[in-house]
Amino acid sequence: MSGNGGTGAAAGALRGVASHLSLRWVAAGIAVLTVAASGLFGGLRPTEKPTVPVIAVHTAFDGGPWTVTVNRALTLKTLEPLKKTEKAGDRWVAVRVRMEINANETWNRIDDVIRLPGVKGLRTVEPSEFYLVRDESLLVRELQPGIPEEVAFLWQQDGSVPRPEAMDVELWGMTHRKSSLTDMIEWLDSGPRALVLDVPVEDR
């Protein structure tokens, strides 16, 4: 009887060890699968990847009816006497670009050239003002083809929001194609086409 008891105890111990090892192998397998899945789907803390090409500052981008080059970004406390902010304490966020119209006609639709998708506290999604650098005047949204201009695109930002140290600039473009409505060749399909990442923002 004592021999059978010893054999039973040993068998029980072996079953316990096997069960413990099985649980460890299962846990290890789950960990491996989790790491593999995280690799496939962007990690345990997924980050958004740009869905458009990324280009560098000072790089010309052909957006169709225009070519635009992002040169610098800055914040300003005031544009007075040219323009006041809607609310006291607000600031201006500006992106200075070199812009040339590729279309054959005078172009007055520059509202959709750039966006600032990650900047908080902007009063509008589209820029609210356009500053012509060469003569320090506010631009009336109209540029002539084939004549490069230095233009500042301006947004009003809530003064209670921290000033951005760097920001992404989204470049938009259009496609020259036949319209299904008018059967005429037009500039259509306005939308994001490229991204300039982490543009340093000067405090002026």
# chains A, B, ... in the order shown; residues from 1 in each chain; ligands from 1
>>> closest_atom_pairs(of="segment 48-112 of chain A", to="segment 143-159 of chain A", cutoff="7 Å", atoms="only C-alpha atoms", output="JSON lines")
{"residue": "A:Thr85", "atom": "CA", "partner": "A:Gln156", "partner_atom": "CA", "distance": 6.6}
{"residue": "A:Gly89", "atom": "CA", "partner": "A:Gly159", "partner_atom": "CA", "distance": 5.1}
{"residue": "A:Asp90", "atom": "CA", "partner": "A:Gly159", "partner_atom": "CA", "distance": 4.0}
{"residue": "A:Arg91", "atom": "CA", "partner": "A:Gln157", "partner_atom": "CA", "distance": 5.3}
{"residue": "A:Trp92", "atom": "CA", "partner": "A:Gln156", "partner_atom": "CA", "distance": 4.7}
{"residue": "A:Val93", "atom": "CA", "partner": "A:Trp155", "partner_atom": "CA", "distance": 5.2}
{"residue": "A:Ala94", "atom": "CA", "partner": "A:Leu154", "partner_atom": "CA", "distance": 4.5}
{"residue": "A:Val95", "atom": "CA", "partner": "A:Phe153", "partner_atom": "CA", "distance": 5.2}
{"residue": "A:Arg96", "atom": "CA", "partner": "A:Ala152", "partner_atom": "CA", "distance": 4.2}
{"residue": "A:Val97", "atom": "CA", "partner": "A:Val151", "partner_atom": "CA", "distance": 5.4}
{"residue": "A:Arg98", "atom": "CA", "partner": "A:Glu150", "partner_atom": "CA", "distance": 4.6}
{"residue": "A:Met99", "atom": "CA", "partner": "A:Glu149", "partner_atom": "CA", "distance": 5.4}
{"residue": "A:Glu100", "atom": "CA", "partner": "A:Pro148", "partner_atom": "CA", "distance": 4.4}
{"residue": "A:Ile101", "atom": "CA", "partner": "A:Pro145", "partner_atom": "CA", "distance": 4.5}
{"residue": "A:Asn102", "atom": "CA", "partner": "A:Pro145", "partner_atom": "CA", "distance": 5.9}
{"residue": "A:Ala103", "atom": "CA", "partner": "A:Pro145", "partner_atom": "CA", "distance": 6.2}
{"residue": "A:Asn104", "atom": "CA", "partner": "A:Pro145", "partner_atom": "CA", "distance": 6.1}
{"residue": "A:Glu105", "atom": "CA", "partner": "A:Pro145", "partner_atom": "CA", "distance": 6.2}
{"residue": "A:Thr106", "atom": "CA", "partner": "A:Gln144", "partner_atom": "CA", "distance": 4.8}
{"residue": "A:Trp107", "atom": "CA", "partner": "A:Leu143", "partner_atom": "CA", "distance": 5.3}
{"residue": "A:Asn108", "atom": "CA", "partner": "A:Leu143", "partner_atom": "CA", "distance": 6.4}
>>> write_last_selection(atoms="C-alpha atoms", output="short mmCIF file (atom, residue, chain, number, x, y, z; two decimals), in the first residue's frame")
data_model
loop_
_atom_site.label_atom_id
_atom_site.label_comp_id
_atom_site.auth_asym_id
_atom_site.auth_seq_id
_atom_site.Cartn_x
_atom_site.Cartn_y
_atom_site.Cartn_z
CA THR A 85 -8.33 90.01 -33.62
CA GLY A 89 -5.86 88.53 -25.94
CA ASP A 90 -6.03 86.37 -29.05
CA ARG A 91 -2.95 85.90 -31.22
CA TRP A 92 -2.27 85.33 -34.90
CA VAL A 93 -0.78 82.08 -36.20
CA ALA A 94 0.93 82.60 -39.54
CA VAL A 95 2.46 80.33 -42.17
CA ARG A 96 4.65 82.08 -44.74
CA VAL A 97 4.84 80.43 -48.14
CA ARG A 98 6.15 81.10 -51.61
CA MET A 99 3.18 80.67 -53.92
CA GLU A 100 2.82 80.66 -57.69
CA ILE A 101 -0.38 80.19 -59.68
CA ASN A 102 -0.09 77.49 -62.36
CA ALA A 103 -3.59 78.00 -63.76
CA ASN A 104 -4.06 80.18 -66.82
CA GLU A 105 -6.36 82.68 -65.16
CA THR A 106 -6.35 85.03 -62.19
CA TRP A 107 -6.88 82.86 -59.14
CA ASN A 108 -8.97 83.98 -56.18
#
>>> select_by_dssp(residues="segment 31-201 of chain A", states="helix (DSSP H, G or I)", output="ChimeraX atom specification")
/A:31-40,133-135
>>> closest_residue(among="A:Asp203, A:Leu171, A:Lys120, A:Ile185", to="Ala60 of chain A", atoms="only C-alpha atoms")
A:Leu171
>>> select_by_dssp(residues="segment 109-152 of chain A", states="strand (DSSP E)", output="ChimeraX atom specification")
/A:114-115,129-132,137-138,149-152
>>> write_last_selection(atoms="N, CA and C atoms", output="PDB file, in the first residue's frame")
ATOM      1  N   ILE A 114      -3.703  75.619 -47.683  1.00  0.00           N
ATOM      2  CA  ILE A 114      -3.105  74.951 -46.522  1.00  0.00           C
ATOM      3  C   ILE A 114      -4.082  74.910 -45.354  1.00  0.00           C
ATOM      4  N   ARG A 115      -3.820  73.947 -44.463  1.00  0.00           N
ATOM      5  CA  ARG A 115      -4.562  73.800 -43.215  1.00  0.00           C
ATOM      6  C   ARG A 115      -3.568  73.489 -42.095  1.00  0.00           C
ATOM      7  N   GLU A 129      -7.177  85.408 -42.921  1.00  0.00           N
ATOM      8  CA  GLU A 129      -6.551  86.552 -43.580  1.00  0.00           C
ATOM      9  C   GLU A 129      -5.352  86.072 -44.394  1.00  0.00           C
ATOM     10  N   PHE A 130      -4.964  86.907 -45.387  1.00  0.00           N
ATOM     11  CA  PHE A 130      -3.832  86.600 -46.253  1.00  0.00           C
ATOM     12  C   PHE A 130      -2.987  87.869 -46.376  1.00  0.00           C
ATOM     13  N   TYR A 131      -1.709  87.737 -46.066  1.00  0.00           N
ATOM     14  CA  TYR A 131      -0.831  88.901 -45.963  1.00  0.00           C
ATOM     15  C   TYR A 131       0.198  88.839 -47.083  1.00  0.00           C
ATOM     16  N   LEU A 132       0.232  89.863 -47.934  1.00  0.00           N
ATOM     17  CA  LEU A 132       1.191  89.931 -49.028  1.00  0.00           C
ATOM     18  C   LEU A 132       2.485  90.546 -48.495  1.00  0.00           C
ATOM     19  N   SER A 137       0.781  94.261 -47.033  1.00  0.00           N
ATOM     20  CA  SER A 137      -0.646  94.561 -47.123  1.00  0.00           C
ATOM     21  C   SER A 137      -1.455  93.278 -46.976  1.00  0.00           C
ATOM     22  N   LEU A 138      -2.713  93.444 -46.608  1.00  0.00           N
ATOM     23  CA  LEU A 138      -3.615  92.304 -46.566  1.00  0.00           C
ATOM     24  C   LEU A 138      -4.053  91.970 -47.980  1.00  0.00           C
ATOM     25  N   GLU A 149       4.712  84.893 -55.405  1.00  0.00           N
ATOM     26  CA  GLU A 149       4.501  85.847 -54.326  1.00  0.00           C
ATOM     27  C   GLU A 149       4.810  85.173 -52.992  1.00  0.00           C
ATOM     28  N   GLU A 150       5.311  85.968 -52.044  1.00  0.00           N
ATOM     29  CA  GLU A 150       5.463  85.514 -50.666  1.00  0.00           C
ATOM     30  C   GLU A 150       4.189  85.909 -49.922  1.00  0.00           C
ATOM     31  N   VAL A 151       3.478  84.899 -49.458  1.00  0.00           N
ATOM     32  CA  VAL A 151       2.170  85.122 -48.831  1.00  0.00           C
ATOM     33  C   VAL A 151       2.164  84.517 -47.436  1.00  0.00           C
ATOM     34  N   ALA A 152       1.591  85.236 -46.482  1.00  0.00           N
ATOM     35  CA  ALA A 152       1.391  84.702 -45.135  1.00  0.00           C
ATOM     36  C   ALA A 152      -0.089  84.355 -44.964  1.00  0.00           C
TER      37      ALA A 152
END
>>> closest_residue(among="A:Arg134, A:His176, A:Lys77, A:Arg204", to="Pro65 of chain A", atoms="only C-alpha atoms")
A:His176
>>> closest_residue(among="A:Leu195, A:Ala88, A:Leu139, A:Val57", to="Gly173 of chain A", atoms="only C-alpha atoms")
A:Leu195
>>> atom_distance(atom1="atom CA of Ser190 of chain A", atom2="atom CA of Thr59 of chain A")
20.6 Å
>>> residues_around(residues="Pro192 of chain A", least_positions_apart="5", cutoff="12 Å", atoms="only C-alpha atoms", output="list in words")
Pro50, Thr51, Val52, Pro53, Val54, Phe61, Gly63, Gly64, Asp112, Val113, Ile114, Arg115, Leu116, Pro117, Val169, Glu170, Leu171, Trp172, Gly173, Met174 and Thr175 of chain A
>>> closest_residue(among="A:Glu80, A:Glu142, A:Glu165, A:Glu136", to="Arg109 of chain A", atoms="only C-alpha atoms")
A:Glu142
>>> atom_distance(atom1="atom CA of Leu122 of chain A", atom2="atom CA of Thr69 of chain A")
22.2 Å
>>> decode(residues="segment 57-75 of chain A", atoms="N, CA and C atoms", output="short mmCIF file (atom, residue, chain, number, x, y, z; two decimals), in the first residue's frame")
data_model
loop_
_atom_site.label_atom_id
_atom_site.label_comp_id
_atom_site.auth_asym_id
_atom_site.auth_seq_id
_atom_site.Cartn_x
_atom_site.Cartn_y
_atom_site.Cartn_z
N VAL A 57 10.24 71.27 -45.10
CA VAL A 57 10.17 72.73 -45.22
C VAL A 57 11.08 73.17 -46.38
N HIS A 58 10.70 74.24 -47.06
CA HIS A 58 11.44 74.81 -48.19
C HIS A 58 11.41 73.90 -49.43
N THR A 59 10.45 72.97 -49.48
CA THR A 59 10.30 72.09 -50.63
C THR A 59 9.06 72.49 -51.42
N ALA A 60 9.23 72.75 -52.71
CA ALA A 60 8.10 73.16 -53.55
C ALA A 60 7.15 71.99 -53.75
N PHE A 61 5.86 72.27 -53.64
CA PHE A 61 4.83 71.25 -53.83
C PHE A 61 3.85 71.71 -54.90
N ASP A 62 3.63 70.88 -55.90
CA ASP A 62 2.70 71.18 -56.98
C ASP A 62 1.32 70.69 -56.59
N GLY A 63 0.43 71.65 -56.27
CA GLY A 63 -0.93 71.31 -55.88
C GLY A 63 -1.93 71.39 -57.01
N GLY A 64 -1.46 71.49 -58.25
CA GLY A 64 -2.37 71.59 -59.39
C GLY A 64 -2.45 73.03 -59.88
N PRO A 65 -3.43 73.79 -59.42
CA PRO A 65 -3.53 75.19 -59.87
C PRO A 65 -2.50 76.10 -59.22
N TRP A 66 -1.75 75.58 -58.25
CA TRP A 66 -0.72 76.38 -57.59
C TRP A 66 0.48 75.51 -57.22
N THR A 67 1.61 76.16 -57.08
CA THR A 67 2.79 75.55 -56.47
C THR A 67 3.08 76.32 -55.20
N VAL A 68 3.26 75.61 -54.09
CA VAL A 68 3.43 76.28 -52.80
C VAL A 68 4.63 75.69 -52.08
N THR A 69 5.40 76.57 -51.43
CA THR A 69 6.57 76.17 -50.65
C THR A 69 6.45 76.74 -49.25
N VAL A 70 6.37 75.90 -48.24
CA VAL A 70 6.29 76.37 -46.85
C VAL A 70 7.69 76.78 -46.40
N ASN A 71 7.84 78.04 -46.00
CA ASN A 71 9.15 78.57 -45.61
C ASN A 71 9.32 78.77 -44.11
N ARG A 72 8.27 79.19 -43.42
CA ARG A 72 8.40 79.42 -41.99
C ARG A 72 7.01 79.57 -41.37
N ALA A 73 6.97 79.45 -40.04
CA ALA A 73 5.73 79.66 -39.29
C ALA A 73 6.03 80.53 -38.09
N LEU A 74 5.07 81.31 -37.68
CA LEU A 74 5.28 82.22 -36.55
C LEU A 74 3.96 82.59 -35.90
N THR A 75 4.04 83.10 -34.69
CA THR A 75 2.88 83.66 -34.01
C THR A 75 3.13 85.14 -33.77
#
